file final-v5.tsv (TSV, C-alpha atoms)
chain	number	residue	atom	x	y	z
J	1	PRO	CA	113.95	138.83	68.85
J	2	SER	CA	115.85	141.98	69.54
J	3	ARG	CA	114.69	145.33	68.25
J	4	CYS	CA	116.94	147.59	66.20
J	5	ILE	CA	116.41	151.30	66.82
J	6	LEU	CA	117.94	153.99	64.65
J	7	GLY	CA	118.40	157.04	66.79
J	8	CYS	CA	118.88	159.47	63.91
J	9	SER	CA	116.10	161.49	62.32
J	10	PRO	CA	114.87	160.11	58.99
J	11	PRO	CA	115.81	161.78	55.69
J	12	GLY	CA	113.66	164.76	54.86
J	13	PHE	CA	112.51	165.19	58.45
J	14	GLY	CA	114.71	168.21	59.19
J	15	ARG	CA	112.19	170.64	57.74
J	16	GLN	CA	109.76	169.73	60.53
J	17	GLU	CA	112.20	169.90	63.43
J	18	SER	CA	111.09	173.39	64.37
J	19	PHE	CA	107.72	172.24	65.67
J	20	LEU	CA	107.76	168.43	65.86
J	21	PRO	CA	109.99	166.26	68.07
J	22	PRO	CA	112.33	163.83	66.31
J	23	CYS	CA	111.13	160.30	65.69
J	24	LYS	CA	112.97	157.00	65.65
J	25	LEU	CA	112.75	153.97	63.41
J	26	SER	CA	112.18	150.63	65.10
J	27	MET	CA	111.82	147.30	63.36
J	28	ALA	CA	108.98	145.52	65.12
J	29	PRO	CA	109.66	141.84	65.79
J	30	ALA	CA	107.78	139.33	63.67
J	31	SER	CA	106.80	137.45	66.83
J	32	GLY	CA	107.14	137.85	70.56
J	33	LEU	CA	107.23	140.88	72.85
J	34	ASP	CA	109.78	142.46	75.10
J	35	MET	CA	108.00	141.93	78.42
J	36	ALA	CA	110.11	144.58	80.14
J	37	GLU	CA	108.79	147.15	77.67
J	38	VAL	CA	105.25	145.84	78.05
J	39	GLY	CA	105.54	146.40	81.80
J	40	ALA	CA	107.01	149.89	81.35
J	41	HIS	CA	104.30	150.97	78.92
J	42	GLY	CA	101.61	149.39	81.10
J	43	LYS	CA	102.84	151.33	84.11
J	44	MET	CA	102.60	154.58	82.17
J	45	VAL	CA	99.04	153.79	81.10
J	46	LEU	CA	98.08	153.12	84.73
J	47	TYR	CA	99.50	156.51	85.76
J	48	TYR	CA	97.26	158.12	83.15
J	49	VAL	CA	94.25	156.14	84.43
J	50	TRP	CA	94.83	157.40	87.96
J	51	GLY	CA	95.06	160.92	86.59
J	52	LEU	CA	91.71	160.58	84.78
J	53	LEU	CA	90.03	159.15	87.88
J	54	ALA	CA	91.40	162.02	89.97
J	55	PHE	CA	90.12	164.48	87.37
J	56	HIS	CA	86.68	162.82	87.47
J	57	ILE	CA	86.45	162.98	91.26
J	58	SER	CA	87.63	166.60	91.26
J	59	VAL	CA	84.90	167.55	88.78
J	60	HIS	CA	82.34	165.81	91.02
J	61	VAL	CA	83.50	167.58	94.20
J	62	VAL	CA	83.66	171.03	92.58
J	63	SER	CA	80.27	170.58	90.87
J	64	LEU	CA	78.63	169.62	94.15
J	65	ARG	CA	79.87	172.87	95.67
J	66	ILE	CA	79.03	175.28	92.88
J	67	SER	CA	76.10	173.81	90.93
J	68	PRO	CA	72.58	173.35	92.37
J	69	THR	CA	71.57	171.76	89.05
J	70	TYR	CA	74.26	169.14	89.45
J	71	ARG	CA	73.22	168.42	93.04
J	72	ALA	CA	69.63	168.00	91.85
J	73	LEU	CA	70.45	165.36	89.23
J	74	GLN	CA	69.89	162.50	91.65
J	75	THR	CA	66.47	163.84	92.69
J	76	GLN	CA	65.45	164.37	89.05
J	77	ARG	CA	66.40	160.80	88.25
J	78	LYS	CA	64.28	159.47	91.11
J	79	ASP	CA	61.32	161.52	89.93
J	80	GLU	CA	61.64	160.06	86.43
J	81	ILE	CA	61.81	156.51	87.75
J	82	SER	CA	58.72	157.01	89.87
J	83	LYS	CA	56.71	157.80	86.73
J	84	LYS	CA	57.29	154.32	85.24
J	85	LYS	CA	54.09	152.31	85.09
J	86	ASN	CA	52.47	149.32	83.34
J	87	GLY	CA	54.70	146.72	84.98
J	88	ILE	CA	58.00	148.16	83.76
J	89	ALA	CA	60.80	147.17	86.11
J	90	MET	CA	61.68	149.88	88.59
J	91	GLU	CA	65.33	150.91	88.73
J	92	GLU	CA	66.57	151.89	92.15
J	93	GLU	CA	68.77	154.97	92.18
J	94	SER	CA	71.42	155.27	94.86
J	95	SER	CA	74.41	157.44	95.59
J	96	MET	CA	77.79	155.68	95.38
J	97	PRO	CA	80.63	156.63	97.71
J	98	VAL	CA	83.07	159.25	96.37
J	99	VAL	CA	81.49	159.50	92.88
J	100	GLY	CA	77.82	160.24	93.67
J	101	SER	CA	74.69	159.07	91.87
J	102	ARG	CA	74.62	157.47	88.45
J	103	PRO	CA	73.52	160.67	86.61
J	104	GLN	CA	76.31	162.55	88.39
J	105	VAL	CA	78.85	159.91	87.32
J	106	LEU	CA	77.67	160.27	83.71
J	107	THR	CA	77.84	164.06	83.82
J	108	CYS	CA	81.38	164.04	85.22
J	109	GLN	CA	82.37	161.53	82.57
J	110	ASP	CA	81.08	163.87	79.85
J	111	VAL	CA	83.06	166.76	81.35
J	112	VAL	CA	86.23	164.62	81.40
J	113	VAL	CA	85.71	163.50	77.79
J	114	VAL	CA	85.92	166.94	76.18
J	115	PRO	CA	89.51	167.90	77.13
J	116	VAL	CA	90.76	164.31	76.94
J	117	ALA	CA	89.37	163.71	73.44
J	118	THR	CA	90.80	167.06	72.36
J	119	ALA	CA	94.26	166.12	73.67
J	120	ILE	CA	94.15	162.68	72.01
J	121	CYS	CA	93.31	164.23	68.65
J	122	LEU	CA	96.09	166.81	68.94
J	123	PHE	CA	98.65	164.12	69.81
J	124	TYR	CA	97.55	161.96	66.90
J	125	LEU	CA	97.54	164.90	64.52
J	126	GLY	CA	101.15	165.59	65.47
J	127	ALA	CA	101.96	161.91	64.98
J	128	CYS	CA	100.43	161.92	61.50
J	129	PHE	CA	102.92	164.62	60.47
J	130	SER	CA	105.93	163.15	62.28
J	131	VAL	CA	105.81	159.57	60.95
J	132	SER	CA	104.41	160.03	57.45
J	133	ASP	CA	107.50	160.71	55.33
J	134	THR	CA	108.57	157.17	54.46
J	135	LEU	CA	107.10	153.67	54.35
J	136	ALA	CA	109.38	152.55	57.20
J	137	LEU	CA	108.24	155.41	59.42
J	138	ARG	CA	104.57	154.80	58.69
J	139	TRP	CA	104.92	151.18	59.77
J	140	PHE	CA	107.64	151.17	62.43
J	141	GLY	CA	108.37	154.78	63.38
J	142	GLN	CA	108.53	155.93	67.00
J	143	SER	CA	107.11	159.36	67.71
J	144	PRO	CA	106.56	161.03	71.10
J	145	TRP	CA	103.29	162.39	69.69
J	146	PHE	CA	102.00	158.87	69.04
J	147	LYS	CA	103.37	157.44	72.27
J	148	TYR	CA	101.69	159.96	74.55
J	149	GLY	CA	98.50	159.93	72.48
J	150	ALA	CA	98.35	156.13	72.72
J	151	TYR	CA	98.99	156.23	76.49
J	152	LEU	CA	96.12	158.66	76.94
J	153	HIS	CA	93.87	156.74	74.54
J	154	CYS	CA	94.45	153.43	76.35
J	155	ALA	CA	93.95	155.06	79.74
J	156	PHE	CA	90.76	156.70	78.51
J	157	ALA	CA	89.45	153.30	77.35
J	158	LEU	CA	90.14	151.81	80.79
J	159	TYR	CA	88.62	154.83	82.53
J	160	GLU	CA	85.39	154.52	80.54
J	161	MET	CA	85.20	150.79	81.29
J	162	ILE	CA	85.42	151.67	84.99
J	163	VAL	CA	82.51	154.06	84.46
J	164	TYR	CA	80.60	151.25	82.73
J	165	MET	CA	81.15	148.99	85.75
J	166	LEU	CA	79.87	151.69	88.09
J	167	CYS	CA	76.78	152.08	85.92
J	168	GLY	CA	76.13	148.36	85.42
J	169	LYS	CA	76.56	148.21	81.65
J	170	THR	CA	76.45	144.99	79.66
J	171	PHE	CA	79.31	143.48	77.64
J	172	GLU	CA	78.50	145.03	74.27
J	173	PHE	CA	79.35	148.45	75.66
J	174	TYR	CA	82.87	147.25	76.52
J	175	LEU	CA	83.63	145.78	73.08
J	176	HIS	CA	84.80	148.99	71.41
J	177	HIS	CA	87.13	149.88	74.28
J	178	ILE	CA	88.62	146.39	74.49
J	179	CYS	CA	89.51	146.66	70.80
J	180	VAL	CA	90.94	150.17	71.24
J	181	PHE	CA	93.10	149.19	74.21
J	182	ASN	CA	94.65	146.15	72.53
J	183	VAL	CA	95.26	147.91	69.20
J	184	TYR	CA	96.90	151.02	70.65
J	185	PHE	CA	98.73	149.46	73.59
J	186	PHE	CA	100.53	146.94	71.42
J	187	GLY	CA	100.81	149.51	68.64
J	188	VAL	CA	103.01	151.65	70.90
J	189	THR	CA	104.78	148.70	72.56
J	190	LEU	CA	105.98	146.97	69.39
J	191	PRO	CA	105.78	149.64	67.72
J	192	SER	CA	103.47	148.81	64.82
J	193	ILE	CA	101.73	150.91	62.12
J	194	PRO	CA	101.85	154.16	64.17
J	195	PHE	CA	100.90	156.42	61.28
J	196	TYR	CA	97.72	154.53	60.45
J	197	LEU	CA	96.75	154.10	64.10
J	198	ALA	CA	97.19	157.83	64.66
J	199	TRP	CA	95.12	158.56	61.56
J	200	ALA	CA	92.36	156.20	62.67
J	201	GLY	CA	92.49	157.61	66.21
J	202	LEU	CA	91.28	160.99	64.94
J	203	VAL	CA	87.75	159.55	65.18
J	204	GLU	CA	87.87	160.61	68.85
J	205	VAL	CA	87.06	164.15	67.70
J	206	THR	CA	83.38	163.12	67.58
J	207	ASN	CA	83.37	162.71	71.37
J	208	ILE	CA	83.75	166.48	71.82
J	209	PRO	CA	80.35	167.55	70.38
J	210	LEU	CA	78.75	164.30	71.55
J	211	SER	CA	79.62	164.88	75.20
J	212	SER	CA	78.54	168.52	74.87
J	213	LEU	CA	75.15	167.31	73.62
J	214	SER	CA	74.84	164.88	76.49
J	215	ILE	CA	75.67	167.49	79.13
J	216	MET	CA	73.21	170.05	77.73
J	217	GLY	CA	70.49	167.44	77.34
J	218	ARG	CA	70.91	166.30	80.93
J	219	LEU	CA	70.77	169.92	82.12
J	220	GLN	CA	67.56	170.60	80.15
J	221	MET	CA	69.24	172.89	77.61
J	222	LYS	CA	67.85	171.39	74.39
J	223	LYS	CA	66.39	174.73	73.32
J	224	ASN	CA	69.75	176.47	73.66
J	225	PRO	CA	71.30	177.36	70.25
J	226	LEU	CA	74.50	175.64	71.38
J	227	TYR	CA	72.62	172.36	71.52
J	228	LEU	CA	71.80	172.57	67.81
J	229	LEU	CA	75.34	173.75	67.04
J	230	SER	CA	76.78	170.74	68.87
J	231	GLY	CA	74.40	168.46	66.99
J	232	VAL	CA	75.54	169.83	63.64
J	233	GLY	CA	79.18	169.57	64.78
J	234	LEU	CA	78.61	165.93	65.73
J	235	TYR	CA	77.00	165.19	62.36
J	236	VAL	CA	79.79	166.79	60.34
J	237	SER	CA	82.65	165.39	62.42
J	238	TYR	CA	81.09	161.94	62.39
J	239	VAL	CA	80.85	161.83	58.60
J	240	ALA	CA	84.33	163.27	58.14
J	241	SER	CA	86.23	161.21	60.72
J	242	ARG	CA	84.34	157.96	61.23
J	243	LEU	CA	82.82	157.32	57.82
J	244	ILE	CA	85.37	158.89	55.44
J	245	SER	CA	88.71	159.31	57.22
J	246	LEU	CA	88.65	155.92	58.96
J	247	ALA	CA	87.95	154.16	55.66
J	248	ALA	CA	90.74	156.16	54.00
J	249	ALA	CA	93.20	155.13	56.75
J	250	LEU	CA	92.36	151.48	56.24
J	251	GLY	CA	92.66	151.95	52.49
J	252	GLY	CA	96.11	153.53	52.86
J	253	LEU	CA	97.26	150.63	55.02
J	254	CYS	CA	96.07	148.12	52.42
J	255	VAL	CA	97.79	150.05	49.61
J	256	ASP	CA	101.10	149.88	51.50
J	257	MET	CA	100.68	146.14	51.98
J	258	TYR	CA	99.81	145.63	48.31
J	259	LEU	CA	102.66	147.72	46.91
J	260	HIS	CA	105.34	146.75	49.45
J	261	PRO	CA	104.47	143.33	50.90
J	262	ALA	CA	108.03	142.39	51.84
J	263	GLU	CA	108.64	145.63	53.77
J	264	THR	CA	105.27	145.72	55.54
J	265	TRP	CA	103.22	142.69	56.53
J	266	GLY	CA	106.15	140.48	55.62
J	267	VAL	CA	108.18	141.75	58.59
J	268	CYS	CA	105.63	143.21	61.01
J	269	ASN	CA	103.87	141.54	63.91
J	270	ARG	CA	101.01	139.94	61.99
J	271	ASN	CA	98.87	139.19	65.04
J	272	HIS	CA	98.69	142.90	65.84
J	273	LEU	CA	98.15	143.81	62.19
J	274	TYR	CA	95.27	141.36	61.73
J	275	PHE	CA	93.64	142.40	65.00
J	276	SER	CA	93.97	146.09	64.07
J	277	VAL	CA	92.34	145.57	60.67
J	278	ALA	CA	89.54	143.47	62.20
J	279	SER	CA	88.96	146.10	64.90
J	280	CYS	CA	88.78	148.79	62.23
J	281	PHE	CA	85.98	146.90	60.52
J	282	VAL	CA	84.18	146.43	63.85
J	283	VAL	CA	84.43	150.14	64.73
J	284	TYR	CA	83.39	151.16	61.22
J	285	GLY	CA	80.34	148.90	61.34
J	286	MET	CA	79.34	150.22	64.77
J	287	SER	CA	79.87	153.79	63.56
J	288	ALA	CA	77.66	153.23	60.52
J	289	TYR	CA	74.94	151.83	62.77
J	290	TRP	CA	75.16	154.73	65.23
J	291	PHE	CA	75.11	157.26	62.40
J	292	LYS	CA	71.53	156.23	61.63
J	293	LYS	CA	70.61	157.27	65.17
J	294	ILE	CA	72.51	160.55	64.87
J	295	HIS	CA	70.81	161.39	61.58
J	296	LYS	CA	67.38	160.56	63.00
J	297	GLY	CA	67.95	162.65	66.13
J	298	LEU	CA	69.25	165.69	64.25
J	299	MET	CA	66.45	165.62	61.68
J	300	LYS	CA	63.80	165.45	64.41
J	301	HIS	CA	65.39	168.34	66.27
J	302	LEU	CA	65.60	170.47	63.12
J	303	LYS	CA	61.93	169.78	62.38
J	304	GLY	CA	60.95	170.65	65.94
J	305	GLN	CA	59.45	167.23	66.52
J	306	ASP	CA	59.48	165.15	69.67
J	307	THR	CA	63.02	164.64	71.02
J	308	ALA	CA	62.67	160.87	71.33
J	309	GLY	CA	65.05	160.52	68.42
J	310	GLY	CA	67.62	162.52	70.32
J	311	ALA	CA	67.07	160.34	73.35
J	312	ASP	CA	67.60	157.28	71.22
J	313	LEU	CA	70.76	158.87	69.89
J	314	ASP	CA	72.06	159.38	73.41
J	315	GLU	CA	71.24	155.80	74.38
J	316	HIS	CA	73.27	154.31	71.55
J	317	THR	CA	76.16	156.75	71.20
J	318	VAL	CA	76.76	157.45	74.87
J	319	PRO	CA	76.49	153.93	76.30
J	320	MET	CA	76.61	155.16	79.89
J	321	SER	CA	73.35	157.11	79.45
J	322	LYS	CA	69.70	156.19	79.57
J	323	PRO	CA	67.16	157.59	77.06
J	324	LYS	CA	65.50	159.87	79.57
J	325	GLU	CA	68.83	161.45	80.43
J	326	ALA	CA	69.50	162.55	76.83
call {"tool": "encode", "arguments": {"input": "final-v5.tsv", "output": "structure tokens"}}
result
Amino acid sequence: PSRCILGCSPPGFGRQESFLPPCKLSMAPASGLDMAEVGAHGKMVLYYVWGLLAFHISVHVVSLRISPTYRALQTQRKDEISKKKNGIAMEEESSMPVVGSRPQVLTCQDVVVVPVATAICLFYLGACFSVSDTLALRWFGQSPWFKYGAYLHCAFALYEMIVYMLCGKTFEFYLHHICVFNVYFFGVTLPSIPFYLAWAGLVEVTNIPLSSLSIMGRLQMKKNPLYLLSGVGLYVSYVASRLISLAAALGGLCVDMYLHPAETWGVCNRNHLYFSVASCFVVYGMSAYWFKKIHKGLMKHLKGQDTAGGADLDEHTVPMSKPKEA
């Protein structure tokens, strides 16, 4: 089915034109996709992926030149492996072409995460303001803020899955990113529920303190005050964005469907809607599980106890990492 796009700005949007770009209203088809648009959006996502990979390799090359600590990560990892005893399987560490050793790959990934997660959150925050005025905009609005945020979010999911492949991760570590890619790629292609996807996407803010923790832990900086500050920032942002805000976004979506069924799920692409709601439950359940690890790690650090809890936190919340690299 063809898509009808209204090129004019929605009523009441003029007061925001000074700092937000205009948005469009697009009625998403009840079934089917415009494959030409799928290809165009997919091409844009691939451009972003190439940009993230180039950024990763640049961080690796520059770090090799300026940081002895970074160059020593591979040696430190070998030393840790050599201490394994009692029949525990030995893990051979090797340096991969272009990207370096596994600990170096993980460190570069953490460096990439911080600015990328920040940009995603800023794009989605702008989208929340630009497509929130009316029911039609919340469900079918087109905003440049959401489009570029979704491109970057999808590319980031693919980039991290590439990192997982380099590090030999198992399927469960891919699950979250598979859900994210499908929800946001088709959310921007249709378009479908952009306001609620942007709201839910603000959970990426937790990656900023989390990656900071991982970098400092890997560089033996756990006694630095910034390590504790990042831990507290992770705790607060996790509760606010993943446990409260994500649930509120899902609640708002359900309220719209309950109050306006004919204008919402009655005319939207239901496959995407159902998958988005199911993915929200999956992410929320995983977030609740990981929060137990975060709470345990922070409490142990505050009490000055052994940092095993923090290592466990790193293992479960940064899937690319091993406990000893926390």
call {"tool": "residues_around", "arguments": {"input": "final-v5.tsv", "residues": "Phe55 in chain J", "least_positions_apart": "5", "cutoff": "12 Å", "atoms": "only C-alpha atoms", "output": "ChimeraX atom specification"}}
result
/J:48-50,60-62,99,108-113,115-116,156,159
call {"tool": "closest_residue", "arguments": {"input": "final-v5.tsv", "among": "J:Leu190, J:Leu73, J:Leu228, J:Ile208", "to": "Arg270 in chain J", "atoms": "all atoms listed in the file"}}
result
J:Leu190
call {"tool": "closest_residue", "arguments": {"input": "final-v5.tsv", "among": "J:Leu219, J:Ala240, J:Cys179, J:Val232", "to": "Ser67 in chain J", "atoms": "all atoms listed in the file"}}
result
J:Leu219
call {"tool": "atom_distance", "arguments": {"input": "final-v5.tsv", "atom1": "CA of Gly126 in chain J", "atom2": "CA of Phe146 in chain J"}}
result
7.7 Å
call {"tool": "closest_residue", "arguments": {"input": "final-v5.tsv", "among": "J:Gly297, J:Gly266, J:Gly201, J:Pro209", "to": "Gly187 in chain J", "atoms": "all atoms listed in the file"}}
result
J:Gly201
call {"tool": "atom_distance", "arguments": {"input": "final-v5.tsv", "atom1": "CA of Ser276 in chain J", "atom2": "CA of Cys128 in chain J"}}
result
17.3 Å
